[in-house]
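What follows is the content of start.csv, which has CSV, C-alpha atoms:
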chain,number,residue,atom,x,y,z
A,403,MET,CA,-14.2,31.6,-189.5
A,404,ALA,CA,-14.2,31.0,-193.3
A,405,CYS,CA,-11.9,33.3,-195.2
A,406,SER,CA,-14.0,33.2,-198.4
A,407,SER,CA,-17.8,33.2,-198.3
A,408,SER,CA,-17.9,31.2,-201.5
A,409,ARG,CA,-16.2,28.4,-199.8
A,410,SER,CA,-17.9,28.7,-196.4
A,411,THR,CA,-19.6,25.3,-196.4
A,412,ALA,CA,-16.4,23.4,-197.4
A,413,ALA,CA,-14.4,25.5,-195.0
A,414,ALA,CA,-16.8,24.7,-192.2
A,415,ARG,CA,-16.4,20.9,-192.9
A,416,VAL,CA,-12.6,21.2,-193.0
A,417,GLN,CA,-12.6,23.2,-189.7
A,418,LEU,CA,-14.7,20.5,-188.1
A,419,VAL,CA,-12.0,18.0,-189.0
A,420,ALA,CA,-9.4,20.4,-187.7
A,421,MET,CA,-11.1,20.5,-184.3
A,422,VAL,CA,-10.9,16.7,-184.2
A,423,VAL,CA,-7.2,16.8,-185.2
A,424,ALA,CA,-6.6,19.4,-182.4
A,425,ALA,CA,-8.2,17.1,-179.9
A,426,LEU,CA,-5.9,14.3,-181.0
A,427,CYS,CA,-3.0,16.6,-180.2
A,428,LEU,CA,-4.2,17.1,-176.6
A,429,HIS,CA,-2.0,15.9,-173.8
A,430,GLY,CA,-3.4,16.5,-170.4
A,431,ALA,CA,-5.1,19.8,-170.1
A,432,ALA,CA,-3.0,21.8,-172.6
A,433,ALA,CA,-3.0,21.5,-176.4
A,434,GLN,CA,0.4,20.5,-177.7
A,435,LEU,CA,1.8,20.9,-181.2
A,436,CYS,CA,2.1,17.7,-183.3
A,437,GLU,CA,3.6,16.8,-186.7
A,438,ASP,CA,0.5,15.4,-188.2
A,439,TYR,CA,-1.8,18.3,-187.3
A,440,TYR,CA,-2.8,19.0,-190.9
A,441,ASP,CA,-2.8,15.4,-192.2
A,442,ASP,CA,-6.6,15.3,-192.5
A,443,THR,CA,-7.5,19.0,-192.9
A,444,CYS,CA,-4.8,20.1,-195.4
A,445,PRO,CA,-2.7,17.1,-196.3
A,446,ASP,CA,-0.8,18.9,-199.1
A,447,ALA,CA,0.2,21.9,-196.9
A,448,TYR,CA,3.9,21.1,-196.8
A,449,ASP,CA,4.1,20.5,-200.6
A,450,ILE,CA,2.2,23.7,-201.3
A,451,VAL,CA,4.6,25.8,-199.2
A,452,LYS,CA,7.6,24.1,-200.8
A,453,LYS,CA,6.4,24.9,-204.3
A,454,VAL,CA,5.9,28.6,-203.5
A,455,LEU,CA,9.3,28.8,-201.9
A,456,PHE,CA,11.0,27.0,-204.7
A,457,ASP,CA,9.4,29.3,-207.3
A,458,ALA,CA,10.4,32.4,-205.2
A,459,HIS,CA,14.0,31.3,-205.0
A,460,ARG,CA,14.3,31.3,-208.8
A,461,SER,CA,14.3,35.1,-208.7
A,462,ASP,CA,15.6,35.7,-205.1
A,463,VAL,CA,18.5,33.7,-204.0
A,464,ARG,CA,18.4,35.3,-200.6
A,465,ILE,CA,14.8,34.3,-199.8
A,466,PHE,CA,15.5,31.1,-197.9
A,467,ALA,CA,17.8,32.9,-195.4
A,468,SER,CA,15.2,35.7,-195.1
A,469,LEU,CA,12.4,33.3,-194.3
A,470,ILE,CA,14.1,31.5,-191.5
A,471,ARG,CA,15.0,34.9,-190.1
A,472,LEU,CA,11.3,35.8,-190.0
A,473,HIS,CA,10.6,32.6,-187.9
A,474,PHE,CA,13.4,33.6,-185.5
A,475,HIS,CA,12.2,37.1,-185.1
A,476,ASP,CA,8.7,36.0,-184.6
A,477,CYS,CA,9.4,33.3,-182.0
A,478,PHE,CA,11.7,35.6,-180.0
A,479,VAL,CA,8.8,38.1,-179.4
A,480,GLN,CA,5.9,36.8,-177.3
A,481,GLY,CA,6.3,33.3,-178.8
A,482,CYS,CA,5.7,31.8,-182.3
A,483,ASP,CA,2.4,33.5,-183.0
A,484,GLY,CA,2.8,35.3,-186.3
A,485,SER,CA,2.9,38.6,-184.6
A,486,LEU,CA,5.8,39.8,-186.7
A,487,LEU,CA,3.6,39.6,-189.8
A,488,LEU,CA,1.0,42.1,-188.6
A,489,ASP,CA,0.9,45.5,-190.3
A,490,GLY,CA,0.4,48.5,-188.1
A,491,VAL,CA,-3.1,49.8,-187.3
A,492,PRO,CA,-3.2,53.3,-185.7
A,493,GLY,CA,-4.3,53.1,-182.1
A,494,LEU,CA,-4.5,49.3,-182.2
A,495,ILE,CA,-1.3,47.6,-183.4
A,496,ASN,CA,2.2,49.0,-183.3
A,497,SER,CA,3.8,46.7,-185.8
A,498,GLU,CA,6.9,44.8,-184.9
A,499,LYS,CA,8.1,45.5,-188.4
A,500,GLY,CA,9.0,49.0,-187.4
A,501,ALA,CA,11.1,48.0,-184.4
A,502,PRO,CA,14.8,48.9,-184.9
A,503,PRO,CA,16.1,45.3,-185.3
A,504,ASN,CA,13.4,44.7,-188.0
A,505,ASN,CA,13.0,48.0,-189.8
A,506,GLY,CA,14.6,48.0,-193.2
A,507,SER,CA,16.0,44.6,-192.4
A,508,VAL,CA,13.5,41.7,-192.2
A,509,ARG,CA,12.1,40.7,-195.6
A,510,GLY,CA,10.1,38.0,-197.3
A,511,PHE,CA,6.6,39.1,-196.3
A,512,GLU,CA,5.4,39.0,-199.9
A,513,VAL,CA,6.4,35.4,-200.2
A,514,VAL,CA,4.5,34.6,-197.0
A,515,ASP,CA,1.5,36.3,-198.6
A,516,LYS,CA,1.8,34.0,-201.7
A,517,VAL,CA,2.1,31.0,-199.5
A,518,LYS,CA,-1.0,32.0,-197.5
A,519,ALA,CA,-3.0,32.6,-200.8
A,520,ALA,CA,-2.0,29.2,-202.1
A,521,LEU,CA,-3.0,27.5,-198.9
A,522,GLU,CA,-6.3,29.4,-198.8
A,523,ASP,CA,-7.1,28.1,-202.3
A,524,ALA,CA,-6.4,24.5,-201.3
A,525,CYS,CA,-7.9,24.5,-197.7
A,526,PRO,CA,-9.4,27.8,-196.7
A,527,GLY,CA,-9.3,28.9,-193.1
A,528,VAL,CA,-7.1,26.0,-191.9
A,529,VAL,CA,-3.3,26.7,-191.9
A,530,SER,CA,-2.2,29.5,-189.6
A,531,CYS,CA,0.4,32.1,-190.5
A,532,ALA,CA,2.5,31.1,-187.5
A,533,ASP,CA,2.7,27.6,-188.8
A,534,ILE,CA,3.5,28.9,-192.3
A,535,LEU,CA,6.6,30.5,-190.8
A,536,ALA,CA,7.6,27.2,-189.1
A,537,ILE,CA,7.1,25.2,-192.3
A,538,ALA,CA,8.9,27.8,-194.4
A,539,ALA,CA,11.9,27.8,-192.1
A,540,GLU,CA,12.4,24.0,-192.3
A,541,ILE,CA,11.9,23.9,-196.1
A,542,SER,CA,14.3,26.9,-196.5
A,543,VAL,CA,17.0,25.0,-194.6
A,544,GLU,CA,16.4,21.7,-196.4
A,545,LEU,CA,16.4,23.3,-199.9
A,546,SER,CA,19.7,25.0,-199.0
A,547,GLY,CA,21.4,21.7,-198.2
A,548,GLY,CA,20.7,21.6,-194.5
A,549,PRO,CA,18.9,19.1,-192.3
A,550,LYS,CA,15.2,18.1,-192.2
A,551,TRP,CA,13.2,17.9,-189.0
A,552,GLY,CA,9.7,17.0,-187.9
A,553,ILE,CA,7.8,20.3,-187.8
A,554,LEU,CA,5.5,20.5,-184.8
A,555,LEU,CA,2.3,22.2,-186.0
A,556,GLY,CA,-1.0,23.5,-184.6
A,557,ARG,CA,-0.3,27.1,-183.7
A,558,LEU,CA,-2.9,29.7,-183.9
A,559,ASP,CA,-2.2,33.2,-184.9
A,560,GLY,CA,-1.9,35.8,-182.2
A,561,LEU,CA,-4.1,38.9,-182.0
A,562,THR,CA,-1.5,41.5,-181.0
A,563,ALA,CA,2.0,42.6,-181.8
A,564,ASN,CA,4.7,43.7,-179.3
A,565,PHE,CA,6.9,46.5,-180.6
A,566,GLN,CA,8.7,47.0,-177.3
A,567,SER,CA,9.8,43.3,-177.1
A,568,ALA,CA,10.8,43.3,-180.8
A,569,SER,CA,13.1,46.2,-180.0
A,570,ASN,CA,15.1,43.9,-177.7
A,571,LEU,CA,15.8,41.1,-180.1
A,572,PRO,CA,19.4,39.7,-180.1
A,573,SER,CA,21.6,42.2,-181.8
A,574,PRO,CA,24.9,41.9,-183.8
A,575,PHE,CA,26.4,44.3,-181.2
A,576,ASP,CA,25.4,42.2,-178.1
A,577,ASN,CA,28.2,40.6,-176.0
A,578,LEU,CA,28.1,37.0,-175.1
A,579,THR,CA,26.6,37.6,-171.6
A,580,VAL,CA,23.7,39.6,-173.1
A,581,LEU,CA,23.1,37.0,-175.9
A,582,GLU,CA,23.0,34.2,-173.3
A,583,LYS,CA,20.5,36.2,-171.2
A,584,LYS,CA,18.2,36.9,-174.2
A,585,PHE,CA,18.1,33.3,-175.1
A,586,LYS,CA,17.5,32.1,-171.6
A,587,ASP,CA,14.8,34.7,-171.1
A,588,ILE,CA,12.7,33.1,-173.8
A,589,GLY,CA,13.3,29.6,-172.5
A,590,LEU,CA,16.4,28.5,-174.5
A,591,ARG,CA,18.6,27.9,-171.5
A,592,ASP,CA,21.0,25.4,-173.1
A,593,THR,CA,24.1,27.1,-174.4
A,594,VAL,CA,24.0,24.6,-177.4
A,595,ASP,CA,20.8,26.4,-178.5
A,596,LEU,CA,22.6,29.7,-178.7
A,597,VAL,CA,25.5,28.3,-180.7
A,598,ALA,CA,23.4,26.1,-183.0
A,599,LEU,CA,20.8,28.7,-183.8
A,600,SER,CA,23.6,31.2,-184.5
A,601,GLY,CA,24.6,28.8,-187.2
A,602,ALA,CA,21.7,30.0,-189.4
A,603,HIS,CA,24.2,32.7,-190.3
A,604,THR,CA,25.8,30.1,-192.5
A,605,PHE,CA,23.7,31.6,-195.4
A,606,GLY,CA,22.3,34.9,-196.3
A,607,ARG,CA,23.5,38.5,-196.2
A,608,ALA,CA,24.0,41.3,-193.6
A,609,GLN,CA,24.1,45.1,-194.1
A,610,CYS,CA,27.5,46.8,-193.9
A,611,GLN,CA,26.2,49.0,-191.0
A,612,PHE,CA,26.4,46.0,-188.8
A,613,VAL,CA,30.1,45.4,-189.4
A,614,THR,CA,31.6,48.9,-189.9
A,615,ASP,CA,32.5,49.4,-186.2
A,616,ARG,CA,34.5,46.1,-186.3
A,617,LEU,CA,36.4,47.4,-189.3
A,618,TYR,CA,37.0,51.0,-188.3
A,619,ASN,CA,36.1,51.8,-184.7
A,620,PHE,CA,36.0,48.7,-182.6
A,621,SER,CA,34.8,49.5,-179.0
A,622,GLY,CA,35.5,53.2,-179.7
A,623,THR,CA,39.3,52.7,-180.4
A,624,ASN,CA,39.3,54.0,-183.9
A,625,ARG,CA,40.9,50.8,-184.8
A,626,PRO,CA,39.7,47.5,-186.3
A,627,ASP,CA,38.7,44.5,-184.1
A,628,PRO,CA,42.0,42.8,-183.4
A,629,THR,CA,40.3,39.3,-183.6
A,630,LEU,CA,39.3,39.9,-187.2
A,631,ASN,CA,41.4,37.9,-189.7
A,632,SER,CA,43.6,40.5,-191.5
A,633,GLY,CA,42.9,39.1,-195.0
A,634,TYR,CA,39.2,39.0,-194.4
A,635,ARG,CA,39.3,42.5,-193.0
A,636,ALA,CA,41.0,43.8,-196.2
A,637,PHE,CA,38.2,42.1,-198.2
A,638,LEU,CA,35.5,43.6,-196.1
A,639,THR,CA,36.9,47.1,-196.3
A,640,GLN,CA,36.4,46.8,-200.0
A,641,ARG,CA,32.8,45.7,-199.6
A,642,CYS,CA,32.0,48.1,-196.8
A,643,PRO,CA,34.2,51.2,-197.1
A,644,LEU,CA,34.3,53.8,-194.4
A,645,ASN,CA,31.4,56.3,-194.8
A,646,GLY,CA,30.0,54.0,-197.5
A,647,ASN,CA,26.5,52.8,-198.0
A,648,GLY,CA,25.4,51.2,-194.7
A,649,SER,CA,22.6,49.3,-196.4
A,650,ALA,CA,25.0,47.6,-198.8
A,651,LEU,CA,25.1,43.8,-198.4
A,652,THR,CA,27.9,41.4,-197.8
A,653,ASN,CA,27.8,37.6,-197.3
A,654,LEU,CA,27.5,36.3,-193.8
A,655,ASP,CA,29.5,33.3,-194.9
A,656,PRO,CA,32.3,34.3,-197.4
A,657,THR,CA,32.9,30.7,-198.5
A,658,THR,CA,29.5,29.2,-199.3
A,659,PRO,CA,27.0,32.1,-198.9
A,660,ASP,CA,23.9,30.3,-200.1
A,661,THR,CA,24.5,26.9,-198.7
A,662,PHE,CA,23.4,25.6,-195.3
A,663,ASP,CA,26.6,23.9,-194.0
A,664,LYS,CA,29.1,24.0,-191.2
A,665,ASN,CA,31.3,26.6,-192.8
A,666,TYR,CA,29.9,29.3,-190.4
A,667,TYR,CA,31.9,27.5,-187.7
A,668,THR,CA,35.0,26.8,-189.7
A,669,ASN,CA,35.0,30.5,-190.4
A,670,LEU,CA,34.9,31.3,-186.7
A,671,GLU,CA,37.8,29.0,-186.1
A,672,VAL,CA,40.0,31.3,-188.3
A,673,ASN,CA,38.5,34.6,-187.2
A,674,ARG,CA,36.4,35.1,-190.3
A,675,GLY,CA,33.1,35.6,-188.5
A,676,LEU,CA,31.3,38.6,-190.0
A,677,LEU,CA,29.4,39.9,-187.1
A,678,ASP,CA,30.9,40.6,-183.6
A,679,SER,CA,28.1,38.6,-182.1
A,680,ASP,CA,29.2,35.6,-184.2
A,681,GLN,CA,33.0,35.8,-183.6
A,682,ILE,CA,32.6,36.2,-179.8
A,683,LEU,CA,31.1,32.6,-179.7
A,684,LYS,CA,34.7,31.5,-180.4
A,685,SER,CA,37.0,34.3,-179.5
A,686,ALA,CA,35.6,36.1,-176.4
A,687,PRO,CA,37.5,35.4,-173.2
A,688,GLU,CA,34.2,34.4,-171.6
A,689,ALA,CA,33.5,32.0,-174.4
A,690,GLN,CA,36.4,29.7,-173.5
A,691,GLY,CA,35.0,26.5,-171.9
A,692,VAL,CA,31.4,27.7,-172.6
A,693,THR,CA,30.5,28.3,-176.3
A,694,ALA,CA,34.0,27.9,-177.9
A,695,PRO,CA,34.1,24.1,-177.4
A,696,ILE,CA,30.7,23.8,-179.1
A,697,VAL,CA,31.9,25.9,-182.0
A,698,ASP,CA,34.9,23.6,-182.2
A,699,GLN,CA,32.6,20.5,-182.3
A,700,PHE,CA,30.4,21.9,-185.0
A,701,ALA,CA,33.4,23.0,-187.1
A,702,ARG,CA,34.6,19.4,-187.0
A,703,SER,CA,31.3,17.7,-187.6
A,704,GLN,CA,28.6,18.9,-189.8
A,705,ASP,CA,26.4,16.0,-188.6
A,706,ALA,CA,26.7,17.2,-185.0
A,707,PHE,CA,25.7,20.7,-186.1
A,708,PHE,CA,22.8,19.5,-188.2
A,709,LYS,CA,21.4,17.4,-185.4
A,710,SER,CA,21.8,20.1,-182.8
A,711,PHE,CA,20.3,22.8,-185.1
A,712,ALA,CA,17.2,20.6,-185.9
A,713,LEU,CA,16.6,20.0,-182.2
A,714,SER,CA,17.1,23.7,-181.3
A,715,MET,CA,14.7,24.7,-184.1
A,716,ILE,CA,12.0,22.4,-182.7
A,717,LYS,CA,12.6,23.9,-179.2
A,718,MET,CA,12.4,27.4,-180.5
A,719,GLY,CA,9.3,26.7,-182.5
A,720,ASN,CA,7.6,25.5,-179.3
A,721,ILE,CA,8.1,28.9,-177.5
A,722,GLN,CA,4.7,30.0,-176.2
A,723,PRO,CA,2.6,28.8,-179.1
A,724,VAL,CA,-1.0,30.0,-179.1
A,725,THR,CA,-3.3,27.0,-179.0
A,726,ASP,CA,-6.3,28.4,-177.1
A,727,PRO,CA,-9.0,29.6,-179.6
A,728,SER,CA,-10.0,32.3,-177.1
A,729,MET,CA,-6.4,33.7,-177.5
A,730,GLY,CA,-5.8,33.3,-181.2
A,731,GLU,CA,-7.3,32.5,-184.7
A,732,ILE,CA,-6.4,31.4,-188.2
A,733,ARG,CA,-5.9,34.6,-190.0
A,734,CYS,CA,-7.3,35.0,-193.5
A,735,ASN,CA,-4.6,37.5,-194.2
A,736,CYS,CA,-1.3,37.2,-192.4
A,737,ARG,CA,-0.9,41.0,-192.3
A,738,LYS,CA,-4.0,41.7,-190.2
A,739,VAL,CA,-6.3,40.1,-187.6
A,740,ASN,CA,-9.6,38.9,-188.9
A,741,ASP,CA,-12.5,41.3,-189.0
A,742,SER,CA,-10.1,44.2,-188.4
Could you spell out this file's structure in structure tokens?
Amino acid sequence: MACSSSRSTAAARVQLVAMVVAALCLHGAAAQLCEDYYDDTCPDAYDIVKKVLFDAHRSDVRIFASLIRLHFHDCFVQGCDGSLLLDGVPGLINSEKGAPPNNGSVRGFEVVDKVKAALEDACPGVVSCADILAIAAEISVELSGGPKWGILLGRLDGLTANFQSASNLPSPFDNLTVLEKKFKDIGLRDTVDLVALSGAHTFGRAQCQFVTDRLYNFSGTNRPDPTLNSGYRAFLTQRCPLNGNGSALTNLDPTTPDTFDKNYYTNLEVNRGLLDSDQILKSAPEAQGVTAPIVDQFARSQDAFFKSFALSMIKMGNIQPVTDPSMGEIRCNCRKVNDS
């Protein structure tokens, strides 16, 4: 459908080309994502997204990390379908934004809205919100010093949200066994995916509420986590005091908090991982011979990390994409399904 009646004829022509492009991305009976999906229908899509993100970063240094997190939290719930972006509709949609892992935590929706508006101006009714998240994630990593990768595109936007599944996203309090299961349950069965994608914590912030147990009452002992570096612990107790503001922010990576690099792993090597779910990749007894050697490899080689991260992002972005027009659409507004 056209998202603007004043552009309906032009949009119809563009969408006809989009149907041809979609056909070119067919392999067998099922539509597959492909890098050149918008080459004919919206050739400047990547540059349009990049400009909006670059401008947003001028006033919000956290936005790149926030945007990649949106892509993670979207793909981990019924696939990469833009369901996280939907606002609630009483009796119809129970928004994933209100699920405990997301509520008061995920951010960047206004920037997604700006990206969508810019794309609608350039090529109305063509680029899906689910694809916007995938493009924004890659650009956010690239502009922060990380790797580039070929973004597979052609997703449609889903028609529903799944509050219950969103409530079961990977948690900073999960042990390694639970984390491995959650990754495997969505199709990321290679342990490298878990370790590489966790490396997105190389930039951005976390709320103090997610680290206070490690500082003051680890596993109900009323003592700090014994694996936590003592100097780092002293620093964190200043940032996150006992009975302090749980919403206060601290850097996920204390060394280069806004740069995408391998320092997340070098921090884990010296017990300076912020979240318990980070440090266990290196320090948990069950990590030895499983995730710990991968942490060691990435701490030694940024190139190895970047290559694995890019591959894992492509794999994650291919989790249950909606490509059947009877099951999805190109939303005019990322916050609601069309004609709602």
Between atom CA of Arg464 of chain A and atom CA of Phe605 of chain A, distance in Å (one decimal): 8.3 Å
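Considering only C-alpha atoms, the residue among A:Leu676, A:Ala501, A:Val697, A:Leu590 positioned nearest to Asn631 of chain A is A:Leu676.
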For the atom pair atom CA of Asp559 of chain A and atom CA of Glu512 of chain A, what is the interatomic distance in Å to one decimal place? 17.8 Å
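The interatomic distance for the pair atom CA of Ile732 of chain A and atom CA of Gly500 of chain A works out to 23.4 Å.
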What are the closest atom pairs, with distances in Å to one decimal, for all residues of segment 600-683 of chain A lying within 9 Å of segment 532-555 of chain A? Consider only C-alpha atoms, order rows by chain and residue number, and present the result as a Markdown table.
| residue | atom | partner | partner_atom | distance |
| --- | --- | --- | --- | --- |
| A:Ala602 | CA | A:Val543 | CA | 8.6 |
| A:Phe605 | CA | A:Ser546 | CA | 8.5 |
| A:Asp660 | CA | A:Ser546 | CA | 6.9 |
| A:Thr661 | CA | A:Ser546 | CA | 5.2 |
| A:Phe662 | CA | A:Gly548 | CA | 4.9 |
| A:Asp663 | CA | A:Gly548 | CA | 6.4 |
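The smallest atom-to-atom distance between Val508 of chain A and any of A:Val739, A:Ala689, A:Thr604, A:Leu472, using all atoms listed in the file, is found for A:Leu472.
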Please list as a ChimeraX atom specification every residue within 12 Å of Phe620 of chain A, counting all atoms listed in the file and excluding residues in the same chain fewer than 5 positions away. /A:575,612-615,625-630,677-678
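If all atoms listed in the file are the atoms counted, then among A:Ile696, A:Leu469, A:Leu494, A:Cys436 the closest residue to Ile716 of chain A is A:Cys436.
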So, with all atoms listed in the file as the atoms that count, which of A:Tyr440, A:Ala650, A:Asp576, A:Glu582 lies closest to Ser621 of chain A? A:Asp576
